[in-house]
$ cat query_32.cif   # mmCIF, C-alpha atoms
data_final
loop_
_atom_site.group_PDB
_atom_site.id
_atom_site.type_symbol
_atom_site.label_atom_id
_atom_site.label_comp_id
_atom_site.auth_asym_id
_atom_site.auth_seq_id
_atom_site.Cartn_x
_atom_site.Cartn_y
_atom_site.Cartn_z
ATOM 1 C CA MET B 1 28.112 120.438 -34.837
ATOM 2 C CA LYS B 2 31.741 119.675 -34.396
ATOM 3 C CA TYR B 3 31.896 116.747 -31.975
ATOM 4 C CA TRP B 4 28.313 115.630 -31.390
ATOM 5 C CA GLU B 5 25.381 114.353 -33.370
ATOM 6 C CA TYR B 6 21.963 115.798 -32.509
ATOM 7 C CA ASN B 7 20.467 112.737 -30.790
ATOM 8 C CA GLU B 8 23.820 111.806 -29.288
ATOM 9 C CA ILE B 9 23.655 114.824 -26.955
ATOM 10 C CA PHE B 10 20.150 113.930 -25.744
ATOM 11 C CA ASN B 11 21.216 110.309 -25.169
ATOM 12 C CA ALA B 12 24.450 111.262 -23.378
ATOM 13 C CA ILE B 13 22.624 113.605 -21.021
ATOM 14 C CA GLN B 14 19.927 111.045 -20.199
ATOM 15 C CA GLU B 15 22.517 108.322 -19.636
ATOM 16 C CA THR B 16 24.681 110.568 -17.440
ATOM 17 C CA TYR B 17 21.610 111.653 -15.477
ATOM 18 C CA GLU B 18 20.663 108.048 -14.756
ATOM 19 C CA GLU B 19 24.246 107.234 -13.703
ATOM 20 C CA LEU B 20 24.260 110.207 -11.329
ATOM 21 C CA LEU B 21 20.962 109.097 -9.801
ATOM 22 C CA ASP B 22 22.433 105.623 -9.314
ATOM 23 C CA GLU B 23 25.123 107.226 -7.153
ATOM 24 C CA GLY B 24 22.333 108.145 -4.731
ATOM 25 C CA ARG B 25 22.969 111.891 -4.642
ATOM 26 C CA GLY B 26 19.461 112.904 -5.745
ATOM 27 C CA TYR B 27 17.944 114.574 -8.779
ATOM 28 C CA ARG B 28 18.910 118.125 -7.731
ATOM 29 C CA TYR B 29 22.572 117.149 -7.606
ATOM 30 C CA ALA B 30 22.253 115.252 -10.901
ATOM 31 C CA ILE B 31 20.752 118.265 -12.697
ATOM 32 C CA ALA B 32 23.435 120.581 -11.320
ATOM 33 C CA LYS B 33 26.179 118.158 -12.360
ATOM 34 C CA LEU B 34 24.724 117.802 -15.867
ATOM 35 C CA THR B 35 24.673 121.557 -16.253
ATOM 36 C CA ASP B 36 28.339 121.684 -15.290
ATOM 37 C CA GLU B 37 29.502 118.683 -17.340
ATOM 38 C CA PHE B 38 27.726 119.681 -20.560
ATOM 39 C CA ASP B 39 28.495 123.398 -20.432
ATOM 40 C CA ASN B 40 29.833 125.366 -23.413
ATOM 41 C CA LEU B 41 29.843 122.620 -26.041
ATOM 42 C CA GLY B 42 29.004 125.102 -28.782
ATOM 43 C CA LYS B 43 26.253 127.568 -29.576
ATOM 44 C CA VAL B 44 23.756 125.103 -31.059
ATOM 45 C CA GLU B 45 24.868 122.319 -28.746
ATOM 46 C CA ASP B 46 24.131 124.503 -25.715
ATOM 47 C CA PHE B 47 20.505 124.910 -26.841
ATOM 48 C CA ILE B 48 20.250 121.135 -27.153
ATOM 49 C CA VAL B 49 21.788 120.674 -23.690
ATOM 50 C CA ASP B 50 19.344 123.155 -22.121
ATOM 51 C CA THR B 51 16.473 121.392 -23.855
ATOM 52 C CA ALA B 52 17.589 117.950 -22.675
ATOM 53 C CA ILE B 53 18.093 119.136 -19.097
ATOM 54 C CA GLY B 54 14.768 120.977 -19.250
ATOM 55 C CA GLU B 55 13.029 117.791 -20.379
ATOM 56 C CA ILE B 56 14.369 116.057 -17.296
ATOM 57 C CA ALA B 57 13.561 118.987 -15.006
ATOM 58 C CA ILE B 58 9.893 119.176 -15.999
ATOM 59 C CA THR B 59 9.438 115.628 -14.735
ATOM 60 C CA HIS B 60 10.457 116.669 -11.212
ATOM 61 C CA GLU B 61 8.114 117.714 -8.452
ATOM 62 C CA GLN B 62 9.980 121.006 -7.975
ATOM 63 C CA VAL B 63 12.599 122.921 -9.949
ATOM 64 C CA PHE B 64 14.986 125.519 -8.574
ATOM 65 C CA VAL B 65 13.967 129.032 -9.623
ATOM 66 C CA GLY B 66 17.432 129.782 -11.014
ATOM 67 C CA ARG B 67 17.303 126.716 -13.229
ATOM 68 C CA ILE B 68 13.857 127.704 -14.526
ATOM 69 C CA ARG B 69 14.962 131.250 -15.307
ATOM 70 C CA GLY B 70 18.236 130.137 -16.871
ATOM 71 C CA ILE B 71 16.771 127.481 -19.140
ATOM 72 C CA THR B 72 13.735 129.470 -20.257
ATOM 73 C CA GLY B 73 15.834 132.593 -20.799
ATOM 74 C CA ARG B 74 18.387 130.824 -22.968
ATOM 75 C CA LEU B 75 15.872 128.710 -24.893
ATOM 76 C CA GLY B 76 13.797 131.811 -25.594
ATOM 77 C CA LYS B 77 16.747 133.132 -27.601
ATOM 78 C CA PHE B 78 16.971 130.147 -29.945
ATOM 79 C CA ASN B 79 17.026 131.270 -33.574
ATOM 80 C CA PRO B 80 16.444 128.379 -36.001
ATOM 81 C CA LYS B 81 18.287 130.254 -38.760
ATOM 82 C CA GLU B 82 21.494 130.083 -36.724
ATOM 83 C CA ALA B 83 21.226 126.293 -36.551
ATOM 84 C CA GLU B 84 20.734 125.680 -40.282
ATOM 85 C CA ASP B 85 24.423 124.999 -40.914
ATOM 86 C CA GLU B 86 24.641 122.468 -38.091
ATOM 87 C CA LEU B 87 21.271 120.682 -37.946
ATOM 88 C CA THR B 88 18.989 119.166 -40.541
ATOM 89 C CA LEU B 89 15.565 120.686 -41.115
ATOM 90 C CA ASP B 90 13.966 117.741 -39.277
ATOM 91 C CA GLU B 91 16.311 118.209 -36.330
ATOM 92 C CA ILE B 92 15.496 121.922 -36.175
ATOM 93 C CA LYS B 93 11.761 121.152 -36.203
ATOM 94 C CA ASP B 94 12.227 118.542 -33.489
ATOM 95 C CA LEU B 95 14.313 120.921 -31.382
ATOM 96 C CA LEU B 96 11.736 123.710 -31.719
ATOM 97 C CA THR B 97 8.978 121.349 -30.591
ATOM 98 C CA ARG B 98 11.051 120.163 -27.650
ATOM 99 C CA ILE B 99 12.011 123.724 -26.690
ATOM 100 C CA ASN B 100 8.347 124.761 -26.640
ATOM 101 C CA ILE B 101 7.430 121.763 -24.480
ATOM 102 C CA VAL B 102 10.222 122.594 -22.012
ATOM 103 C CA ILE B 103 9.356 126.296 -21.788
ATOM 104 C CA GLU B 104 5.672 125.501 -21.294
ATOM 105 C CA GLY B 105 6.442 122.707 -18.831
ATOM 106 C CA LEU B 106 8.676 124.943 -16.719
ATOM 107 C CA LYS B 107 5.800 127.410 -16.400
ATOM 108 C CA HIS B 108 3.814 124.740 -14.578
ATOM 109 C CA VAL B 109 6.328 123.145 -12.220
ATOM 110 C CA LYS B 110 6.437 123.994 -8.557
ATOM 111 C CA VAL B 111 9.150 126.598 -8.005
ATOM 112 C CA ASP B 112 11.854 125.743 -5.480
ATOM 113 C CA TYR B 113 13.685 128.689 -3.913
ATOM 114 C CA ASN B 114 16.268 126.614 -2.029
ATOM 115 C CA PRO B 115 19.594 126.671 -3.941
ATOM 116 C CA SER B 116 20.969 123.571 -2.198
ATOM 117 C CA VAL B 117 21.661 120.622 -4.499
ATOM 118 C CA GLU B 118 21.611 118.065 -1.681
#
$ encode --input "query_32.cif" --output "structure tokens"
Amino acid sequence: MKYWEYNEIFNAIQETYEELLDEGRGYRYAIAKLTDEFDNLGKVEDFIVDTAIGEIAITHEQVFVGRIRGITGRLGKFNPKEAEDELTLDEIKDLLTRINIVIEGLKHVKVDYNPSVE
């Protein structure tokens, strides 16, 4: 990965999420802002971003249907072979575990059909 370390992305997203919540705009706004701020970092990085945002989303009472479909659709396309040049074997294993937890978790959250982020 060109500009980020594996765990650095997870930490940056969590830290940014907490800062956005501190602004008092709510978790829906925070998730939407994270998606925008951490978009198109790189092919492998984008899988990590979706995983990190998905980990946050599965802790919420409800998740917007578009977010569920987007995250699960993209994470379902993760190919570990494509990450071998950018991640260590341990990082790939960790990412696969986290991806599976997110995909499974998003199957069980309450679906929100309201696209408003406020």
$ closest_residue --input "query_32.cif" --among "B:Leu87, B:Ile31, B:Asp39, B:Glu23" --to "Gly54 (chain B)" --atoms "only C-alpha atoms"
B:Ile31
$ closest_atom_pairs --input "query_32.cif" --of "region 25-44 of chain B" --to "region 60-66 of chain B" --cutoff "12 Å" --atoms "all atoms listed in the file" --output "Markdown table"
| residue | atom | partner | partner_atom | distance |
| --- | --- | --- | --- | --- |
| B:Gly26 | CA | B:His60 | CA | 11.2 |
| B:Tyr27 | CA | B:His60 | CA | 8.1 |
| B:Arg28 | CA | B:Val63 | CA | 8.2 |
| B:Tyr29 | CA | B:Phe64 | CA | 11.3 |
| B:Ala30 | CA | B:His60 | CA | 11.9 |
| B:Ile31 | CA | B:Val63 | CA | 9.8 |
| B:Ala32 | CA | B:Phe64 | CA | 10.2 |
$ resolve_selection --input "query_32.cif" --expression "the PyMOL selection byres ((chain B and resi 71) around 8)" --output "MDAnalysis selection string"
chainID B and resid 50:51 54 67:70 72:75 103
$ closest_residue --input "query_32.cif" --among "B:Met1, B:Ile48, B:Ile53, B:Val102" --to "Asp85 (chain B)" --atoms "all atoms listed in the file"
B:Met1
$ closest_residue --input "query_32.cif" --among "B:Val111, B:Leu89, B:Ile13, B:Leu34" --to "Ala52 (chain B)" --atoms "all atoms listed in the file"
B:Ile13
$ closest_residue --input "query_32.cif" --among "B:Tyr6, B:Tyr17, B:Phe78, B:Phe38" --to "Ile56 (chain B)" --atoms "all atoms listed in the file"
B:Tyr17
$ atom_distance --input "query_32.cif" --atom1 "CA of Val49 (chain B)" --atom2 "CA of Asn114 (chain B)"
23.1 Å
$ atom_distance --input "query_32.cif" --atom1 "CA of Ile92 (chain B)" --atom2 "CA of Glu104 (chain B)"
18.2 Å
$ closest_residue --input "query_32.cif" --among "B:Ile101, B:Leu95, B:Leu20, B:Ala12" --to "Ile58 (chain B)" --atoms "all atoms listed in the file"
B:Ile101
$ resolve_selection --input "query_32.cif" --expression "the PyMOL selection byres ((chain B and resi 5) around 12)" --output "number ranges by chain"
B: 1-4, 6-12, 41, 44-45, 48, 86-88, 91
$ atom_distance --input "query_32.cif" --atom1 "CA of Thr59 (chain B)" --atom2 "CA of Asp112 (chain B)"
13.9 Å
$ closest_residue --input "query_32.cif" --among "B:Leu96, B:Leu21, B:Thr35, B:Asn40" --to "Ala83 (chain B)" --atoms "all atoms listed in the file"
B:Leu96
$ axis_aligned_box --input "query_32.cif" --around "region 65-71 of chain B" --padding-each-side "5 Å" --output "lines of an AutoDock Vina configuration file"
center_x = 16.0
center_y = 129.0
center_z = -14.4
size_x = 14.4
size_y = 14.5
size_z = 19.5
